[in-house]
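So the structure is just underneath, and the comments pick up after that.
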Amino acid sequence: MAEATQLYRLDESQLEAVRRQAGGSISINSNTTPLQAGCALGVQHVLNTLREGFVVSVPTPKRD
């Protein structure tokens, strides 16, 4: 069975909407706990992935 791939990427307005819903900009300082820092870095990683794009592979049915 072959696989089809599709690249998904958010445009700037979509990315900005997600960024606002996720809490806007991050600020890590001496009062930030390790858990807060890890969460903020995780959010930034996901936003970066949405900006750069990600590929989804979907199996395609075999044609006779």
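Residue numbering restarts at 1 in every chain; chains get A, B, ... in the order shown in the structure tokens, and ligands count up from 1 in that same order.
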- Secondary structure check, helix (DSSP H, G or I) residues of region 5-64 of chain A, as a ChimeraX atom specification: /A:12-21,34-52
- Task: Would you mind listing what lies within 12 Å of Tyr8 (chain A) as number ranges by chain, with only C-alpha atoms counted and same-chain residues fewer than 4 positions away left out?
- Result: A: 49-57
With DSSP run on the backbone, what are the strand (DSSP E) residues within chain A? I'd like them as a compact mmCIF listing (two decimals) with N, CA, C and O atoms, in the first residue's frame.
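The resulting out_22.txt:
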```txt
# COMPACT_ATOMS: atom_id res chain seq x y z
N GLU A 3 1.82 5.34 0.25
CA GLU A 3 1.44 6.40 1.18
C GLU A 3 1.48 7.74 0.47
O GLU A 3 2.39 8.02 -0.29
N ALA A 4 0.47 8.54 0.73
CA ALA A 4 0.45 9.90 0.23
C ALA A 4 0.89 10.81 1.37
O ALA A 4 0.58 10.56 2.54
N THR A 5 1.63 11.84 1.06
CA THR A 5 2.05 12.78 2.09
C THR A 5 1.49 14.15 1.79
O THR A 5 1.30 14.53 0.64
N GLN A 6 1.21 14.87 2.86
CA GLN A 6 0.66 16.22 2.73
C GLN A 6 1.39 17.11 3.72
O GLN A 6 1.51 16.78 4.89
N LEU A 7 1.90 18.24 3.24
CA LEU A 7 2.57 19.21 4.09
C LEU A 7 1.53 20.23 4.57
O LEU A 7 0.79 20.79 3.77
N TYR A 8 1.49 20.42 5.87
CA TYR A 8 0.61 21.42 6.47
C TYR A 8 1.46 22.51 7.09
O TYR A 8 2.46 22.23 7.74
N PHE A 54 4.59 20.62 8.84
CA PHE A 54 4.79 19.22 9.21
C PHE A 54 4.11 18.35 8.17
O PHE A 54 3.18 18.76 7.49
N VAL A 55 4.62 17.14 8.01
CA VAL A 55 4.15 16.22 6.98
C VAL A 55 3.33 15.12 7.63
O VAL A 55 3.73 14.56 8.65
N VAL A 56 2.19 14.82 7.01
CA VAL A 56 1.34 13.73 7.47
C VAL A 56 1.31 12.69 6.36
O VAL A 56 1.06 13.02 5.20
N SER A 57 1.60 11.43 6.71
CA SER A 57 1.54 10.35 5.75
C SER A 57 0.24 9.57 5.96
O SER A 57 -0.09 9.21 7.09
N VAL A 58 -0.46 9.33 4.88
CA VAL A 58 -1.73 8.63 4.94
C VAL A 58 -1.67 7.47 3.94
O VAL A 58 -1.36 7.68 2.77
N PRO A 59 -1.97 6.24 4.40
CA PRO A 59 -1.98 5.12 3.47
C PRO A 59 -3.08 5.31 2.42
O PRO A 59 -4.18 5.73 2.75
```
- region 15-22 of chain A environment, 8 Å, only C-alpha atoms, sequence neighbours closer than 3 positions dropped, as a PyMOL selection string: chain A and resi 10-12+25+43+47+50-51
- Between A:Arg9, A:Gly38, A:Gln44, A:Thr60, which one has atoms that come closest to Gly23 (chain A), using only C-alpha atoms? A:Gln44
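What separates CA of Gly42 (chain A) from CA of Ser30 (chain A) is a distance of 18.7 Å.
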